[in-house]
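Asks: Can you read through this structure? Questions will come right after.
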Amino acid sequence: MAKKRKVVKSESAHKKSSNGLTADHKVDYDDEEELLRTDETIISASEDEGGSDDERKHRKLLDAISSLDGKKRRKLAERSEASAQVSEFSISAEGTGDKITLSDLIGTIEQSPSVVTKTKKQLKNLQSRHDTLELPLSRQQTEKIQREVAYSKTAKEVSRWHSVVVQNQKAEQLVFPLNQEPSGPKRVEQVVAGWKAQTPLEQEIFTLLHMNKQPVNDPVLTPMEEASLKAMSLEEAKIRRAELQKARVLQSYYEAKAKREKKIKSKKYHKVLKKAKRKEFLKEFEELRKTDPAAALEELQKMELSRMEERMSLKHQNSGKWAKSKAIMAKYDHEARKAMQQQLEMNKELTQKLVVPSENDEEEGPEEATDLPDFVNEAQPTADPSNPWMMGKLTAEPVEPGEGAAAELLAGGAEQQEKQVDGDEEEDEDMEETLLREFEERRKLRQSEDGGVVPVMSVEREETVDERGAKATAGDISEDEEEEEEEVSQFNSLFQKLVEKEQETTVEKASKEKESVEEREEPALLDEGLERLRTLEDVELLSKDTSTDVSEPAAQSAATTGSEGTADAAASQASKKKKKKKKKMIDCNEVLTKEAKVIKVPLAPTAIEEEEENEEEQKMIIKEAFAGDDVVSDFLKDKRKQEEAGKPKVVDLTLPGWGEWGGVGLKPSRKKRRRFRVKVAPPPPRRDEKLPNVIISEKRNSSIALHQVSQLPFPFENPAQFESSIHMPIGHTWNTQRTVQKLTAPKVVTQLGAIIEPIAREDFIKGKTQAATGKLPDIELSGSKGKGPQRGHRDPQKKGNLKHSQLKKRKNKRQQKQQQQQANTPA
Amino acid sequence: MKVKVLCRNPDDYVRETTKDIQRVPRNYDPSLHPFEVPREYTRALNATKLERVFAKPFLASLDGHRDGVNCMAKHPKSLSTLLSGSCDGEVKVWNLTKRECVRTLQAHEGFVRGMCPRFCGTSFFTVGDDKTIKQWKMEAPGYGEEEEPLNTILGKAVYTGIDHHWKEGVFATCGQQVDIWDEQRSSPIRSFTWGVDSFSCVRFNPVEAELLASCASDRSIVLYDMREATPLKKVVMKLRSNTLCWNPMEAFNFTCANEDYNLYTFDMRNLDTPVTVHMDHVSAVLDVDYSPTGREFVSASFDKSIRIFPKDKGHSREVYHTKRMQHVICVKWSSDNKYILSGSDEMNIRLWKANASEKLGVLSPREKAALNYSQKLKEKFQHHPQIRRIARHRHLPKAIYSQGKELRVMKEARRRKERNVRKHSKPGSVPVVTEKEKHVVTVVK
């Protein structure tokens with residue numbers, strides 16, 4: 001299009017020139033007229049590119065004119081014609097009039113069969129469409145678009161700096177030059193970190209190092225070392241060591257025990273052991289039945305098998321050699337008879353079909369014998385030397401001096417009672433039991449000590465278990481009341497032994513007064529749960545508080561172990577447990593109420609206050625509405641009061657005892673008083689003195705007001721804020737040196753004689769990419785910390801954050817520890 | 001059993017050397033140090049007074065030019081070197097520590113319109129009224145050698161300004177168009193035109209080094225990107241801007257010195273309104289330069305004074321003038337943020353302190369601490385009327401003072417009139433135009 005216009009222009013130029021010429025040289029007028037006309041037609045039909053013979057005529061004319069002039073003219077026309085002939089779309093415009101239509105092209109295609117139908121279709125579609133291409137945009141417009149695109153691009157690029165700028169604005173201190181290298185000798189790490197392989201040899205070494213996963217950039221640690229570092233911190237190592245120690249000790253203990261047990265020849269002991277094992281097994285089975293029915297079924301099948309075997313064999317029939325001998329002896333020997341009876345019982349038991357719940361009420365004593373001291377199972381994560389192992393020993397120690405007598409007493413008592421049950425009690429068995437008991441006692445001590453740490457949850461669980469046991473046992477009534485009694489007495493004695501130091505109560509008394517013990521148990525149990533919540537003073541008080549604290553776990557265990565027994569015992573225990581439960585619940589409630597208080601307190605009173613305020617407001621409104629008669633007198637009173645307050649008071653400077661006798665009841669003489677009474681000059685008259693209806697406050701001191709800030713300065717939001725900022729002194733008179741340094745740190749620090757370069761893009765981008773990839777060196781080097789444009793910042797908060805995170809870590813660790821402890825404390 | 005032992009750590013009371021001050025244990029009990037606010041107030045007042053007492057910013061006058069100083073340039077690597085070009089085509093190199101001219105060269109015939117050092121500091125470029133761009137060595141020629149330019153480029157029209165790229169061997173000139181030159185070539189590698197016939201100033205962005213901005217005589221400021229084929233954007237203001245300066249710490253901010261006595265700080269991402277309008281001058285502002293920290297800038301004005309503005313404040317914090325100083329044509333802030341240099345009509349270059357009352361030279365730590373403390377005190381009590389009164393007090397030549405007063409009156413009158421017009425016309429028909437919006441005519445994309 002543009003070209004066409006040019007053509008037109010040139011033509012019009014010719015026309016002008018031709019016109020000019022006609023004016024100068026008057027030649028063939030007719031011809032001229034015609035030419036003019038043709039020119040006009042050309043102009044009018046410029047879009048159509050005119051007729052070709054018109055062009056020819058025109059050229060002719062021009063030639064004629066040029067010949068007239070005699071001079072050689074530039075042949076502009078030629079050029080214009082050439083351009084006219086060359087069409088914009090580079091199709092030779094031989095016959096500019098006849099356009100090539102699409103149909104012509106398609107026609108040839110249709111004739112040739114080789115062309116694909118698809119293209120044919122496309123062409124046809126094209127033919128059917130009649131919309132033309134849009135004009136290309138003008139130069140101005142394209143440039144405008146280009147500019148806009150470029151501008152938006154640049155603006156976006158520049159916006160990357162926004163965060164940096166904002167950060168710098170907010171920074172408490174900026175140190176210029178920004179990318180300052182710390183002076184002085186560098187650390188080895190920094191030097192090495194900054195170093196890069198350059199020569200081929202260095203690079204080769206580098207690749208080798210890489211292959212072996214040696215640390216390259218950060219002269220820090222190999223992955224292996226890292227892993228090892230990660231794997232074990234000092235604390236963990238300590239814990240692990242403690243565990244290992246414990247395990248070793250345990251092993252030796254078991255070995256010793258096994259050796260000892262192997263040496264025991266007592267049949268009774270083994271019998272009891274077996275029985276205990278069986279009981280244990282039964283208990284486990286019970287558990288299993290609840291938790292894993294399938295496994296329990298398998299066990300049951302096994303038991304069934306043993307029953308079958310028993311039925312098949314004659315092991316416990318009275319047909320063995322031993323049985324026969326015993327049968328002979330039975331006539332005279334009470335014990336033999338009893339043994340036989342037992343065997344028969346055993347047989348009966350074995351051959352009977354198993355009903356599991358009825359079986360579990362057996363004696364407890366032997367079971368305890370096999371009971372491991374629980375504390376040995378605990379993996380104590382505490383790193384302190386007073387680990388559970390040590391604690392066990394330590395706590396046992398104070399008992400030892402009295403142990404001789406106590407143990408004897410205990411053994412004696414136990415023996416007596418056991419003799420009541422079954423006569424054949426042997427000495428070694430006693431020894432064994434005492435040993436076991438000792439461990440048991442230690443365990444309980446441990447528990448009592450742990451009680452402080454053990455959260456309420458575990459206690460609760462224990463209790464629930466107890467209760468379940470109680471429920472189970474409450475149903476069926478079994479025979480051994482005395483055994484139960486024995487148990488209780490045992491534990492009573494135990495706990496008495498522990499208490500002995502503090503309180504001088506005898507074993508017998510304790511064993512006799514079962515109920516009293518039970519009474520005592522209740523608060524003890526509760527205390528266990530609460531102990532954690534108490535303050536240190538409370539704890540101290542509690543320890544003075546006689547037996548309760550120390551004994552409670554023992555008593556509790558007694559309760560658990562002694563849950564089997566006679567109906568009434570069971571009932572009493574059940575009731576006891578109920579009590580416990582109740583108490584427990586109360587405790588919970590207490591805790592809850594405490595918490596609830598904490599939440600509710602701030603809410604409730606505010607509401608009330610508001611109400612009160614509202615009421616007051618209302619009252620005031622009412623008052624205002626209805627009273628109003630004595631406003632004037634009130635005002636007068638007010639004014640008088642103000643005046644009184646403004647009046648100067650007489651200052652009495654009399655010092656009693658000066659120049660005369662002094663003492664109680666003596667007053668300085670009137671003369672002296674008169675002499676030392678100072679009258680202050682009357683103040684200037686009040687400004688509202690002659691204004692009856694006005695009170696002008698004299699409080700505003702104009703001399704001070706001169707120094708006071710009259711309106712709140714900009715960054716502050718309320719006067720209190722501003723005042724507080726003023727009230728905080730910053731000088732070294734009131735603050736420590738460090739604080740003063742911090743408070744008076746200048747906002748911009750420049751170095752003497754250092755050229756401050758403009759902020760650099762490279763630094764900024766480097767810092768950004770590092771942040772984006774999140775790849776940080778394995779160990780934070782203090783020197784390489786300040787890369788990036790923010791190098792100049794000294795952010796005081798950073799330190800705080802770090803500390804905070806460290807604290808968090810520590811906290812987490814502590815929590816983990818606690819959890820472990822929880823997991824390890826026996827349920 | 002507790003064993004109590006009296007223990008004194010010698011570190012707490014023994015001095016390291018005998019020259020140390022004796023350590024005095026202090027009791028910070030607030031009851032022992034009462035009246036903290038009044039005491040600090042007094043200290044603040046004293047500090048403010050002392051600041052005013054010691055406010056002696058003028059350091060030196062460098063004379064030697066035989067015509068008005070038209071342009072100056074800082075050496076990028078040396079703090080003590082200053083280049084200046086005068087209206088008679090002479091270029092002088094100054095040693096600021098000795099306060100003497102170390103080299104003089106006749107660079108052009110007619111004005112030295114602009115000059116800039118190469119980023120490395122080895123050479124510098126000058127443009128003059130003789131339509132040439134000349135590159136000169138920074139060092140003086142040896143004995144017997146003639147003073148000759150390294151390169152001379154003869155252009156078609158007068159170049160009015162020149163600036164060098166901050167990192168590459170590329171420089172830009174302005175005159176009838178903005179040209180980007182490669183140092184190795186004698187023809188521009190790119191030229192930008194946008195319907196303007198004359199530019200007065202062109203400046204590269206020190207941070208985003210490919211960006212540049214120029215002030216044109218048709219009252220516009222045009223932004224360019226060296227990598228693009230076209231200019232980026234243009235903002236037309238009410239009056240012509242003489243020069244502009246990019247903030248060296250904030251890539252997108254620049255400040256222009258306008259003929260309407262004001263300076264305008266623009267964010268190049270939003271040219272519709274300036275970020276801040278800085279007013280205080282009472283005549284056309286001729287030059288502006290940012291402090292290297294990017295926090296403040298200094299402006300030189302036709303009203304024979306220079307002023308220092310915080311970059312985000314509407315009014316200046318400092319005004320410098322002397323009796324003999326005439327129209328200040330160019331001004332520079334030294335790259336260590338300590339000094340200001342101004343070149344004026346009466347052929348002198350003046351050296352000022354950027355902080356009027358600052359003590360120069362190395363300070364002892366105690367001095368530093370004391371200064372910091374007094375600075376903080378001044379900040380803390382800056383809103384108190386007495387302190388503010390003292391801190392704000394400046395002496396002005398009568399001409400400037402009366403001119404300022406007159407301007408205020410005029411402004412107030414205009415405002416009053418506008419208000420009255422608004423009051424007496426249909427509500428909404430006369431919109432409120434803020435001071436920021438007033439000065440921008442259009443933004444051309």
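Ordering of the structure tokens sets the chain letters (A, B, ...); residue numbers start at 1 within each chain; ligands are numbered from 1 in the order shown.
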At a cut-off of 8 Å, can you tabulate as CSV every residue of chain B near chain A together with its closest atom pair and the distance in Å to one decimal, using only C-alpha atoms and ordering rows by chain then number?
Replies:
```
residue,atom,partner,partner_atom,distance
B:Tyr28,CA,A:Trp734,CA,5.8
B:Asp29,CA,A:Trp734,CA,8.0
B:Pro30,CA,A:Trp734,CA,6.9
B:His33,CA,A:Trp734,CA,7.0
B:Glu36,CA,A:Pro729,CA,6.2
B:Val37,CA,A:His727,CA,5.9
B:Glu40,CA,A:Pro729,CA,7.2
B:Lys77,CA,A:Ile755,CA,7.4
B:Leu79,CA,A:Ile755,CA,7.1
B:Pro206,CA,A:Pro758,CA,6.3
B:Val207,CA,A:Ala760,CA,6.1
B:Glu208,CA,A:Arg761,CA,7.1
B:Asp225,CA,A:Thr154,CA,7.6
B:Glu228,CA,A:Ala150,CA,6.8
B:Thr230,CA,A:Arg147,CA,6.0
B:Pro231,CA,A:Arg147,CA,6.2
B:Leu232,CA,A:Tyr151,CA,4.8
B:Lys233,CA,A:Tyr151,CA,6.7
B:Pro248,CA,A:Pro758,CA,4.8
B:Met249,CA,A:Ile759,CA,5.3
B:Glu250,CA,A:Val165,CA,6.0
B:Ala251,CA,A:Val158,CA,6.4
B:Phe252,CA,A:Val158,CA,6.1
B:Met268,CA,A:Ala155,CA,7.4
B:Arg269,CA,A:Ala155,CA,5.5
B:Pro292,CA,A:Ile756,CA,5.8
B:Thr293,CA,A:Phe176,CA,7.2
B:Ser335,CA,A:Ile755,CA,5.2
B:Asp336,CA,A:Ile755,CA,4.9
B:Asn337,CA,A:Thr750,CA,7.5
B:Val362,CA,A:Leu752,CA,7.8
B:Ala369,CA,A:Gln741,CA,7.6
B:Asn372,CA,A:Thr744,CA,5.6
B:Tyr373,CA,A:Thr744,CA,5.4
B:Gln375,CA,A:Thr744,CA,7.9
B:Lys376,CA,A:Thr744,CA,5.8
B:Leu377,CA,A:Ile730,CA,7.9
B:Lys380,CA,A:Ile726,CA,6.9
B:Phe381,CA,A:Ile726,CA,7.6
B:His383,CA,A:Val709,CA,6.5
B:His384,CA,A:Val709,CA,5.1
B:Pro385,CA,A:His707,CA,6.0
B:Gln386,CA,A:His707,CA,6.0
B:Lys445,CA,A:Glu148,CA,6.3
```
Asks: Enumerate the residues of segment 649-690 of chain A with a DSSP assignment of alpha helix (DSSP H), computed from the backbone, and present them as a VMD selection string.
Replies: chain A and resid 670 to 676
Asks: Could you write out that same residue set with C-alpha atoms as a PDB file, in the first residue's frame?
Replies:
```
ATOM      1  CA  ARG A 670       4.914  28.688 120.018  1.00  0.00           C
ATOM      2  CA  LYS A 671       7.503  31.362 119.571  1.00  0.00           C
ATOM      3  CA  LYS A 672       9.757  29.047 117.671  1.00  0.00           C
ATOM      4  CA  ARG A 673       6.930  27.776 115.605  1.00  0.00           C
ATOM      5  CA  ARG A 674       5.924  31.257 114.708  1.00  0.00           C
ATOM      6  CA  ARG A 675       9.459  32.046 113.806  1.00  0.00           C
ATOM      7  CA  PHE A 676       9.941  29.117 111.497  1.00  0.00           C
TER       8      PHE A 676
END
```
Asks: Give the answer as one residue: which of B:Lys398, B:Arg227, B:His439, B:Arg366 has the shortest atom-to-atom distance to Ile21 of chain B, using only C-alpha atoms?
Replies: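 Closest to Ile21 of chain B, using only C-alpha atoms: B:Arg366.
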Asks: So which residues of segment 272-323 of chain B fall under strand (DSSP E) by DSSP, listed as a VMD selection string?
Replies: chain B and resid 276 to 279 285 to 290 296 to 301 306 to 310 318 to 320
Asks: So that I can see what lies close to His321 of chain B, please list as a PyMOL selection string the residues with an atom at most 12 Å from it, counting only C-alpha atoms and leaving out residues fewer than 3 positions away in the same chain.
Replies: chain B and resi 56-58+300-308+318+324-328+342+344+350-352+394-400
Asks: Take the residues that were just selected and, keeping C-alpha atoms, output them as a tab-separated table (two decimals), in the first residue's frame.
Replies:
```tsv
chain	number	residue	atom	x	y	z
B	56	LYS	CA	31.16	24.40	59.23
B	57	PRO	CA	30.71	22.53	56.00
B	58	PHE	CA	32.91	24.55	53.72
B	300	ALA	CA	22.80	22.40	42.62
B	301	SER	CA	20.63	25.31	41.72
B	302	PHE	CA	20.66	28.52	39.79
B	303	ASP	CA	19.76	30.24	43.08
B	304	LYS	CA	23.44	30.05	44.14
B	305	SER	CA	22.95	27.33	46.70
B	306	ILE	CA	23.23	23.60	46.98
B	307	ARG	CA	20.87	21.52	49.00
B	308	ILE	CA	20.96	18.03	50.44
B	318	GLU	CA	20.76	21.07	54.56
B	324	ARG	CA	30.97	34.35	46.55
B	325	MET	CA	29.34	31.32	45.09
B	326	GLN	CA	27.31	32.13	42.01
B	327	HIS	CA	24.97	29.90	40.05
B	328	VAL	CA	25.98	26.36	40.80
B	342	SER	CA	30.23	21.88	43.55
B	344	SER	CA	29.86	27.14	39.85
B	350	ARG	CA	34.10	24.06	46.20
B	351	LEU	CA	34.60	21.20	48.56
B	352	TRP	CA	32.00	20.70	51.26
B	394	ARG	CA	19.77	27.80	58.95
B	395	HIS	CA	21.05	31.08	57.75
B	396	LEU	CA	20.11	32.01	54.21
B	397	PRO	CA	21.23	34.84	51.98
B	398	LYS	CA	18.65	37.49	51.77
B	399	ALA	CA	17.95	36.88	48.12
B	400	ILE	CA	17.11	33.27	48.64
```
Asks: Neighbours of segment 176-190 of chain B within 12 Å (only C-alpha atoms; same-chain residues fewer than 6 positions away dropped), as an MDAnalysis selection string?
Replies: chainID B and resid 118 123:125 131:135 150:165 168:170 196:204 210:218 222:231
Asks: Ranking B:Ala172, B:Val277, B:Val102, B:Met1 by minimum distance to Gly114 of chain B and counting only C-alpha atoms, which one comes first?
Replies: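 Closest residue, counting only C-alpha atoms: B:Ala172.
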Asks: Just give me the gap between atom CA of Thr654 of chain A and atom CA of Arg677 of chain A in Å, one decimal is fine.
Replies: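 Between atom CA of Thr654 of chain A and atom CA of Arg677 of chain A the gap works out to 7.0 Å.
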Asks: Rounded to one decimal place, report the atom CA of Val319 of chain B-atom CA of Lys436 of chain B distance in Å.
Replies: 23.0 Å
Asks: How far is it from atom CA of Met279 of chain B to atom CA of His315 of chain B, in Å with one decimal?
Replies: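 Separation of atom CA of Met279 of chain B and atom CA of His315 of chain B: 5.7 Å.
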